[in-house]
Amino acid sequence: MTHESGTLEPTAVKGMFDRIAPVYDVMNRVMTAGLDQRWRKLAVSQVVWPGDRVLDACCGTGDLAVEAERRGGRVVGLDFSPRMLERARTKSGTIEWIQGDALALPFPDGDFDIATVGFGVRNLADLEGGLKELARVLRPGGKLAVLEITRPRGILKPFFRLWFDVLVPLAGRVLPGGQAYTYLPASVRRFPGPDDLSALFRSAGFADVHYKLLGGGIVALHVGVKP
Ligand SMILES: C[S@@+](CC[C@H](N)C(=O)[O-])C[C@H]1O[C@@H](n2cnc3c(N)ncnc32)[C@H](O)[C@@H]1O
């Protein structure tokens with residue numbers, strides 16, 4: 001069930017998101033006091049321009065893909081969880097929703113102008129392999145934007161610990177299908193910090209890598225360019 005690194009096997013991750021799907025959107029709004037949608041909007045505004053062909057990988061219930069379409073992107077949303085995709089399909093009839101693996105994308109090289117991943121790379125069994133795969137499907141000059149939870153370093157640290165290690169798993173326990181939220185703090189704890197993630201972007205082949213911390217440092221938005 002788990003890798004030596006403590007990450008879950010892909011089939012376990014897929015099963016977990018299938019179970020979470022009914023409460024996923026509600027949990028996002030509750031956990032972030034509604035800020036999650038603002039972060040998605042900001043991420044998209046940094047990289048998507050009208051007419052861009054956009055891949056939103058690990059699209060889940062589709063909120064980031066929908067935001068990219070609102071900005072004028074021609075969007076493909078990809079996820080391996082059929083239940084998450086079922087919810088995404090109700091949000092847009094014009095986005096192309098595809099069930100597939102982000103580690104083996106069903107697209108030719110250079111197929112997209114932009115790739116986005118919202119709160120998804122943390123779940124990949126092979127993070128560097130996933131970033132390389134995203135680089136592969138981008139055209140030269142194309143951009144990757146990754147939104148991900150990160151652990152704050154400053155004064156927010158104790159509040160974050162209480163919220164994330166105690167309150168989030170508790171909320172997960174009381175919501176039907178939410179048990180998997182007990183997995184969330186562990187997955188964030190072992191995820192690389194923003195500087196290390198930037199280094200992984202570079203070793204996956206991205207240039208001009210930079211990041212912004214959002215929400216008082218609990219979320220990082222990384223952007224890199226395919227040379
Ligand atoms: C935390 S959700 C994020 C959903 C959405 N992007 C958002 O902004 O809310 C992570 C998603 O990644 C998907 N996922 C994880 N590993 C994947 C993989 N290897 N291929 C495709 N989807 C994957 C899960 O099924 C899940 O829907």
# chains A, B, ... in the order shown; residues from 1 in each chain; ligands from 1
>>> residues_near_ligand(ligand="ligand 1", cutoff="6 Å", atoms="only C-alpha atoms and all ligand atoms", output="PyMOL selection string")
chain A and resi 14+17+58-64+79-81+84+100-103+117-120+123-124
>>> write_last_selection(atoms="all heavy atoms", output="short mmCIF file (atom, residue, chain, number, x, y, z; two decimals), in the first residue's frame")
data_model
loop_
_atom_site.label_atom_id
_atom_site.label_comp_id
_atom_site.auth_asym_id
_atom_site.auth_seq_id
_atom_site.Cartn_x
_atom_site.Cartn_y
_atom_site.Cartn_z
N LYS A 14 -5.80 6.65 -6.15
CA LYS A 14 -6.98 6.72 -7.00
C LYS A 14 -8.24 6.33 -6.20
O LYS A 14 -9.25 7.03 -6.24
CB LYS A 14 -6.77 5.75 -8.17
CG LYS A 14 -7.80 5.81 -9.24
CD LYS A 14 -7.31 4.97 -10.41
CE LYS A 14 -8.43 4.54 -11.29
NZ LYS A 14 -8.04 3.50 -12.22
N PHE A 17 -9.22 9.10 -3.80
CA PHE A 17 -9.93 10.23 -4.39
C PHE A 17 -11.32 9.83 -4.88
O PHE A 17 -12.25 10.65 -4.83
CB PHE A 17 -9.08 10.91 -5.47
CG PHE A 17 -8.06 11.83 -4.87
CD1 PHE A 17 -6.73 11.47 -4.79
CD2 PHE A 17 -8.46 13.04 -4.30
CE1 PHE A 17 -5.80 12.31 -4.18
CE2 PHE A 17 -7.53 13.89 -3.69
CZ PHE A 17 -6.19 13.51 -3.64
N CYS A 58 -4.20 16.25 -13.18
CA CYS A 58 -4.73 15.99 -11.84
C CYS A 58 -5.88 16.95 -11.57
O CYS A 58 -5.95 17.58 -10.51
CB CYS A 58 -3.66 16.14 -10.77
SG CYS A 58 -2.24 15.07 -11.01
N CYS A 59 -6.79 17.07 -12.54
CA CYS A 59 -7.82 18.12 -12.50
C CYS A 59 -8.88 17.88 -11.43
O CYS A 59 -9.59 18.80 -11.05
CB CYS A 59 -8.50 18.25 -13.86
SG CYS A 59 -9.48 16.80 -14.32
N GLY A 60 -8.99 16.65 -10.92
CA GLY A 60 -9.96 16.38 -9.86
C GLY A 60 -11.36 16.77 -10.27
O GLY A 60 -11.84 16.44 -11.36
N THR A 61 -12.04 17.55 -9.41
CA THR A 61 -13.42 17.96 -9.68
C THR A 61 -13.47 19.17 -10.62
O THR A 61 -14.55 19.73 -10.84
CB THR A 61 -14.17 18.28 -8.38
OG1 THR A 61 -13.44 19.31 -7.69
CG2 THR A 61 -14.27 17.05 -7.48
N GLY A 62 -12.32 19.61 -11.12
CA GLY A 62 -12.31 20.52 -12.26
C GLY A 62 -12.24 22.01 -12.01
O GLY A 62 -12.26 22.79 -12.96
N ASP A 63 -12.09 22.44 -10.75
CA ASP A 63 -12.17 23.88 -10.50
C ASP A 63 -11.09 24.70 -11.20
O ASP A 63 -11.36 25.81 -11.69
CB ASP A 63 -12.14 24.17 -8.98
CG ASP A 63 -13.47 23.83 -8.32
OD1 ASP A 63 -14.49 23.73 -9.04
OD2 ASP A 63 -13.50 23.67 -7.08
N LEU A 64 -9.86 24.17 -11.26
CA LEU A 64 -8.78 24.93 -11.90
C LEU A 64 -8.98 24.96 -13.43
O LEU A 64 -8.78 25.99 -14.08
CB LEU A 64 -7.43 24.29 -11.53
CG LEU A 64 -6.16 25.03 -11.92
CD1 LEU A 64 -6.16 26.45 -11.41
CD2 LEU A 64 -4.94 24.29 -11.37
N ASP A 79 -7.47 13.36 -15.22
CA ASP A 79 -7.35 12.80 -13.86
C ASP A 79 -7.54 11.29 -13.96
O ASP A 79 -8.17 10.81 -14.91
CB ASP A 79 -8.44 13.39 -12.95
CG ASP A 79 -8.08 13.25 -11.46
OD1 ASP A 79 -8.20 12.14 -10.92
OD2 ASP A 79 -7.67 14.27 -10.86
N PHE A 80 -6.98 10.55 -12.98
CA PHE A 80 -7.19 9.10 -13.06
C PHE A 80 -8.36 8.62 -12.22
O PHE A 80 -8.68 7.44 -12.24
CB PHE A 80 -5.90 8.31 -12.83
CG PHE A 80 -5.24 8.36 -11.48
CD1 PHE A 80 -5.85 8.90 -10.37
CD2 PHE A 80 -3.95 7.82 -11.32
CE1 PHE A 80 -5.22 8.92 -9.13
CE2 PHE A 80 -3.31 7.83 -10.09
CZ PHE A 80 -3.95 8.39 -9.01
N SER A 81 -9.02 9.52 -11.49
CA SER A 81 -10.14 9.09 -10.64
C SER A 81 -11.48 9.32 -11.35
O SER A 81 -11.89 10.46 -11.58
CB SER A 81 -10.12 9.87 -9.32
OG SER A 81 -11.40 9.89 -8.74
N MET A 84 -13.96 11.64 -9.36
CA MET A 84 -13.62 13.07 -9.37
C MET A 84 -14.03 13.65 -10.73
O MET A 84 -14.63 14.73 -10.80
CB MET A 84 -12.12 13.29 -9.13
CG MET A 84 -11.62 12.86 -7.77
SD MET A 84 -12.18 13.91 -6.38
CE MET A 84 -10.89 15.14 -6.31
N GLY A 100 -6.96 9.56 -17.29
CA GLY A 100 -5.62 9.14 -17.68
C GLY A 100 -4.62 9.38 -16.56
O GLY A 100 -4.95 9.97 -15.53
N ASP A 101 -3.40 8.92 -16.80
CA ASP A 101 -2.34 8.99 -15.79
C ASP A 101 -1.41 10.16 -16.09
O ASP A 101 -0.84 10.24 -17.19
CB ASP A 101 -1.57 7.66 -15.82
CG ASP A 101 -0.55 7.56 -14.69
OD1 ASP A 101 -0.35 8.55 -13.97
OD2 ASP A 101 0.06 6.49 -14.56
N ALA A 102 -1.22 11.02 -15.11
CA ALA A 102 -0.34 12.17 -15.29
C ALA A 102 1.12 11.74 -15.51
O ALA A 102 1.93 12.52 -16.01
CB ALA A 102 -0.44 13.09 -14.08
N LEU A 103 1.45 10.51 -15.12
CA LEU A 103 2.83 10.04 -15.29
C LEU A 103 3.06 9.43 -16.67
O LEU A 103 4.19 9.08 -17.02
CB LEU A 103 3.18 9.02 -14.20
CG LEU A 103 3.11 9.55 -12.77
CD1 LEU A 103 3.42 8.46 -11.77
CD2 LEU A 103 4.06 10.73 -12.57
N VAL A 117 -1.29 22.38 -12.62
CA VAL A 117 -1.62 21.31 -11.68
C VAL A 117 -1.98 21.99 -10.36
O VAL A 117 -1.18 22.74 -9.80
CB VAL A 117 -0.45 20.34 -11.42
CG1 VAL A 117 -0.93 19.14 -10.59
CG2 VAL A 117 0.18 19.85 -12.71
N GLY A 118 -3.19 21.74 -9.88
CA GLY A 118 -3.63 22.34 -8.62
C GLY A 118 -3.70 21.29 -7.53
O GLY A 118 -4.53 20.37 -7.61
N PHE A 119 -2.86 21.38 -6.55
CA PHE A 119 -2.89 20.50 -5.38
C PHE A 119 -2.84 19.03 -5.79
O PHE A 119 -3.47 18.19 -5.16
CB PHE A 119 -4.14 20.80 -4.52
CG PHE A 119 -4.28 22.26 -4.21
CD1 PHE A 119 -5.25 23.04 -4.84
CD2 PHE A 119 -3.40 22.88 -3.34
CE1 PHE A 119 -5.35 24.41 -4.58
CE2 PHE A 119 -3.48 24.24 -3.08
CZ PHE A 119 -4.47 25.01 -3.70
N GLY A 120 -2.09 18.75 -6.86
CA GLY A 120 -2.04 17.40 -7.40
C GLY A 120 -0.66 16.78 -7.39
O GLY A 120 -0.51 15.58 -7.19
N ASN A 123 0.58 14.27 -4.82
CA ASN A 123 0.09 12.89 -4.82
C ASN A 123 0.80 11.99 -5.83
O ASN A 123 0.51 10.79 -5.88
CB ASN A 123 -1.41 12.87 -5.14
CG ASN A 123 -2.21 13.70 -4.16
OD1 ASN A 123 -2.77 14.72 -4.51
ND2 ASN A 123 -2.23 13.27 -2.91
N LEU A 124 1.68 12.57 -6.65
CA LEU A 124 2.30 11.75 -7.69
C LEU A 124 3.33 10.80 -7.09
O LEU A 124 4.16 11.20 -6.27
CB LEU A 124 2.98 12.64 -8.74
CG LEU A 124 2.05 13.52 -9.57
CD1 LEU A 124 2.86 14.41 -10.52
CD2 LEU A 124 1.06 12.66 -10.36
#
>>> residues_around(residues="A:Trp163", least_positions_apart="5", cutoff="12 Å", atoms="only C-alpha atoms", output="list in words")
Val30, Met31, Thr32, Ala33, Arg151, Leu156, Lys157, Pro158, Val168, Pro169, Leu170, Ala171, Leu184, Pro185 and Ile218 of chain A
>>> write_last_selection(atoms="N, CA and C atoms", output="compact mmCIF listing (two decimals), in the first residue's frame")
# COMPACT_ATOMS: atom_id res chain seq x y z
N VAL A 30 -14.05 24.64 3.18
CA VAL A 30 -13.98 24.71 4.64
C VAL A 30 -12.52 24.85 5.09
N MET A 31 -11.63 24.04 4.51
CA MET A 31 -10.24 24.03 4.97
C MET A 31 -9.53 25.36 4.71
N THR A 32 -9.97 26.07 3.66
CA THR A 32 -9.22 27.28 3.28
C THR A 32 -10.07 28.55 3.47
N ALA A 33 -11.22 28.41 4.11
CA ALA A 33 -12.15 29.53 4.29
C ALA A 33 -12.46 30.18 2.93
N ARG A 151 4.43 23.95 3.93
CA ARG A 151 4.37 24.23 5.37
C ARG A 151 4.99 25.59 5.65
N LEU A 156 2.96 31.77 11.44
CA LEU A 156 1.75 30.96 11.20
C LEU A 156 1.96 29.48 11.53
N LYS A 157 3.22 29.10 11.75
CA LYS A 157 3.54 27.68 11.89
C LYS A 157 2.69 26.94 12.93
N PRO A 158 2.59 27.47 14.20
CA PRO A 158 1.79 26.72 15.19
C PRO A 158 0.31 26.65 14.83
N VAL A 168 -8.13 19.44 10.42
CA VAL A 168 -8.47 18.86 9.11
C VAL A 168 -8.76 17.36 9.21
N PRO A 169 -7.88 16.57 9.86
CA PRO A 169 -8.21 15.14 10.00
C PRO A 169 -9.50 14.92 10.78
N LEU A 170 -9.78 15.79 11.77
CA LEU A 170 -11.02 15.66 12.55
C LEU A 170 -12.24 15.89 11.65
N ALA A 171 -12.16 16.95 10.83
CA ALA A 171 -13.26 17.23 9.89
C ALA A 171 -13.44 16.05 8.94
N LEU A 184 -3.85 13.56 4.43
CA LEU A 184 -3.40 14.85 3.89
C LEU A 184 -2.19 15.45 4.64
N PRO A 185 -2.26 15.55 6.00
CA PRO A 185 -1.11 16.16 6.69
C PRO A 185 0.19 15.42 6.42
N ILE A 218 1.06 29.29 3.29
CA ILE A 218 0.62 27.88 3.37
C ILE A 218 0.48 27.24 2.00
>>> closest_atom_pairs(of="stretch 12-52 of chain A", to="stretch 201-213 of chain A", cutoff="12 Å", atoms="only C-alpha atoms", output="JSON lines")
{"residue": "A:Trp39", "atom": "CA", "partner": "A:Leu213", "partner_atom": "CA", "distance": 10.3}
{"residue": "A:Leu42", "atom": "CA", "partner": "A:Lys212", "partner_atom": "CA", "distance": 10.5}
{"residue": "A:Ala43", "atom": "CA", "partner": "A:Lys212", "partner_atom": "CA", "distance": 9.9}
{"residue": "A:Gln46", "atom": "CA", "partner": "A:Lys212", "partner_atom": "CA", "distance": 10.9}
>>> write_last_selection(atoms="C-alpha atoms", output="PDB file, in the first residue's frame")
ATOM      1  CA  TRP A  39      -5.551  30.843  -5.447  1.00  0.00           C
ATOM      2  CA  LEU A  42      -4.416  33.773  -9.420  1.00  0.00           C
ATOM      3  CA  ALA A  43      -2.517  30.734 -10.753  1.00  0.00           C
ATOM      4  CA  GLN A  46      -0.252  34.191 -14.308  1.00  0.00           C
TER       5      GLN A  46
END
>>> atom_distance(atom1="atom CA of A:Arg139", atom2="atom CA of A:Ile114")
8.3 Å
>>> select_by_dssp(residues="stretch 11-177 of chain A", states="alpha helix (DSSP H)", output="PyMOL selection string")
chain A and resi 11-32+35-47+63-70+82-89+127-137+157-161+168-174
>>> select_by_dssp(residues="stretch 19-209 of chain A", states="strand (DSSP E)", output="number ranges by chain")
A: 53-57, 74-79, 96-99, 112-118, 138-149, 207-209
>>> write_last_selection(atoms="C-alpha atoms", output="PDB file, in the first residue's frame")
ATOM      1  CA  ARG A  53      -4.311  25.168 -25.354  1.00  0.00           C
ATOM      2  CA  VAL A  54      -4.199  24.243 -21.671  1.00  0.00           C
ATOM      3  CA  LEU A  55      -3.699  20.909 -19.941  1.00  0.00           C
ATOM      4  CA  ASP A  56      -4.947  20.810 -16.351  1.00  0.00           C
ATOM      5  CA  ALA A  57      -3.383  17.604 -15.014  1.00  0.00           C
ATOM      6  CA  ARG A  74      -9.054  25.732 -24.693  1.00  0.00           C
ATOM      7  CA  VAL A  75      -8.826  23.283 -21.875  1.00  0.00           C
ATOM      8  CA  VAL A  76      -8.245  19.570 -21.413  1.00  0.00           C
ATOM      9  CA  GLY A  77      -8.707  18.243 -17.865  1.00  0.00           C
ATOM     10  CA  LEU A  78      -7.038  14.938 -16.994  1.00  0.00           C
ATOM     11  CA  ASP A  79      -7.352  12.804 -13.863  1.00  0.00           C
ATOM     12  CA  GLU A  96     -12.452  17.878 -22.714  1.00  0.00           C
ATOM     13  CA  TRP A  97     -12.327  15.645 -19.609  1.00  0.00           C
ATOM     14  CA  ILE A  98      -9.994  12.662 -19.965  1.00  0.00           C
ATOM     15  CA  GLN A  99      -9.358   9.773 -17.615  1.00  0.00           C
ATOM     16  CA  PHE A 112       0.088  22.302 -25.138  1.00  0.00           C
ATOM     17  CA  ASP A 113       0.874  25.974 -24.600  1.00  0.00           C
ATOM     18  CA  ILE A 114       0.251  25.763 -20.859  1.00  0.00           C
ATOM     19  CA  ALA A 115       0.042  23.068 -18.193  1.00  0.00           C
ATOM     20  CA  THR A 116      -1.422  23.551 -14.736  1.00  0.00           C
ATOM     21  CA  VAL A 117      -1.622  21.314 -11.676  1.00  0.00           C
ATOM     22  CA  GLY A 118      -3.632  22.339  -8.616  1.00  0.00           C
ATOM     23  CA  LEU A 138       4.544  21.537 -23.529  1.00  0.00           C
ATOM     24  CA  ARG A 139       5.756  23.395 -26.613  1.00  0.00           C
ATOM     25  CA  PRO A 140       9.047  25.320 -26.318  1.00  0.00           C
ATOM     26  CA  GLY A 141       8.167  28.557 -24.501  1.00  0.00           C
ATOM     27  CA  GLY A 142       5.163  26.869 -22.875  1.00  0.00           C
ATOM     28  CA  LYS A 143       4.639  27.311 -19.130  1.00  0.00           C
ATOM     29  CA  LEU A 144       3.847  25.071 -16.197  1.00  0.00           C
ATOM     30  CA  ALA A 145       2.040  26.457 -13.116  1.00  0.00           C
ATOM     31  CA  VAL A 146       1.820  24.308  -9.996  1.00  0.00           C
ATOM     32  CA  LEU A 147      -0.240  25.240  -6.946  1.00  0.00           C
ATOM     33  CA  GLU A 148       0.575  23.210  -3.860  1.00  0.00           C
ATOM     34  CA  ILE A 149       0.183  23.290  -0.112  1.00  0.00           C
ATOM     35  CA  ALA A 207      13.864  27.429 -16.898  1.00  0.00           C
ATOM     36  CA  ASP A 208      12.963  30.809 -15.335  1.00  0.00           C
ATOM     37  CA  VAL A 209      11.544  28.979 -12.323  1.00  0.00           C
TER      38      VAL A 209
END
>>> residues_around(residues="A:Ser45", least_positions_apart="4", cutoff="10 Å", atoms="only C-alpha atoms", output="PDB file with N, CA and C atoms, in the first residue's frame")
ATOM      1  N   TRP A  39      -6.893  31.315  -5.061  1.00  0.00           N
ATOM      2  CA  TRP A  39      -5.551  30.843  -5.447  1.00  0.00           C
ATOM      3  C   TRP A  39      -5.573  30.264  -6.855  1.00  0.00           C
ATOM      4  N   ARG A  40      -6.651  29.521  -7.163  1.00  0.00           N
ATOM      5  CA  ARG A  40      -6.733  28.941  -8.518  1.00  0.00           C
ATOM      6  C   ARG A  40      -6.803  30.056  -9.560  1.00  0.00           C
ATOM      7  N   LYS A  41      -7.646  31.086  -9.246  1.00  0.00           N
ATOM      8  CA  LYS A  41      -7.802  32.215 -10.173  1.00  0.00           C
ATOM      9  C   LYS A  41      -6.449  32.900 -10.400  1.00  0.00           C
ATOM     10  N   TRP A  49      -3.619  32.685 -21.404  1.00  0.00           N
ATOM     11  CA  TRP A  49      -4.120  33.769 -22.239  1.00  0.00           C
ATOM     12  C   TRP A  49      -5.168  33.212 -23.188  1.00  0.00           C
ATOM     13  N   GLU A  67     -11.564  27.488 -14.293  1.00  0.00           N
ATOM     14  CA  GLU A  67     -10.990  28.831 -14.186  1.00  0.00           C
ATOM     15  C   GLU A  67     -10.170  29.152 -15.445  1.00  0.00           C
ATOM     16  N   ALA A  68      -9.420  28.153 -15.938  1.00  0.00           N
ATOM     17  CA  ALA A  68      -8.599  28.349 -17.148  1.00  0.00           C
ATOM     18  C   ALA A  68      -9.506  28.583 -18.356  1.00  0.00           C
ATOM     19  N   ARG A  71     -10.812  32.076 -18.498  1.00  0.00           N
ATOM     20  CA  ARG A  71      -9.816  33.041 -19.006  1.00  0.00           C
ATOM     21  C   ARG A  71      -9.608  32.940 -20.499  1.00  0.00           C
TER      22      ARG A  71
END
>>> atom_distance(atom1="atom CA of A:Leu127", atom2="atom CA of A:Gly224")
15.1 Å
>>> decode(residues="stretch 103-119 of chain A", atoms="N, CA and C atoms", output="compact mmCIF listing (two decimals), in the first residue's frame")
# COMPACT_ATOMS: atom_id res chain seq x y z
N LEU A 103 1.45 10.51 -15.12
CA LEU A 103 2.83 10.04 -15.29
C LEU A 103 3.06 9.43 -16.67
N ALA A 104 1.99 9.26 -17.44
CA ALA A 104 2.10 8.72 -18.81
C ALA A 104 1.00 9.40 -19.63
N LEU A 105 1.22 10.68 -19.92
CA LEU A 105 0.16 11.48 -20.54
C LEU A 105 -0.13 11.01 -21.97
N PRO A 106 -1.43 10.91 -22.31
CA PRO A 106 -1.79 10.41 -23.65
C PRO A 106 -1.79 11.51 -24.72
N PHE A 107 -0.69 12.28 -24.76
CA PHE A 107 -0.58 13.39 -25.71
C PHE A 107 0.80 13.38 -26.34
N PRO A 108 0.89 13.87 -27.61
CA PRO A 108 2.21 13.95 -28.24
C PRO A 108 3.07 15.06 -27.63
N ASP A 109 4.35 15.02 -27.94
CA ASP A 109 5.28 16.07 -27.47
C ASP A 109 4.80 17.43 -27.96
N GLY A 110 4.96 18.44 -27.13
CA GLY A 110 4.71 19.83 -27.53
C GLY A 110 3.27 20.16 -27.85
N ASP A 111 2.32 19.40 -27.31
CA ASP A 111 0.91 19.54 -27.67
C ASP A 111 0.21 20.75 -27.01
N PHE A 112 0.80 21.26 -25.91
CA PHE A 112 0.09 22.30 -25.14
C PHE A 112 0.92 23.57 -25.00
N ASP A 113 0.21 24.70 -24.89
CA ASP A 113 0.87 25.97 -24.60
C ASP A 113 1.16 26.09 -23.10
N ILE A 114 0.21 25.58 -22.32
CA ILE A 114 0.25 25.76 -20.86
C ILE A 114 -0.16 24.47 -20.17
N ALA A 115 0.51 24.17 -19.05
CA ALA A 115 0.04 23.07 -18.19
C ALA A 115 -0.14 23.61 -16.78
N THR A 116 -1.18 23.15 -16.12
CA THR A 116 -1.42 23.55 -14.74
C THR A 116 -1.66 22.30 -13.90
N VAL A 117 -1.29 22.38 -12.62
CA VAL A 117 -1.62 21.31 -11.68
C VAL A 117 -1.98 21.99 -10.36
N GLY A 118 -3.19 21.74 -9.88
CA GLY A 118 -3.63 22.34 -8.62
C GLY A 118 -3.70 21.29 -7.53
N PHE A 119 -2.86 21.38 -6.55
CA PHE A 119 -2.89 20.50 -5.38
C PHE A 119 -2.84 19.03 -5.79
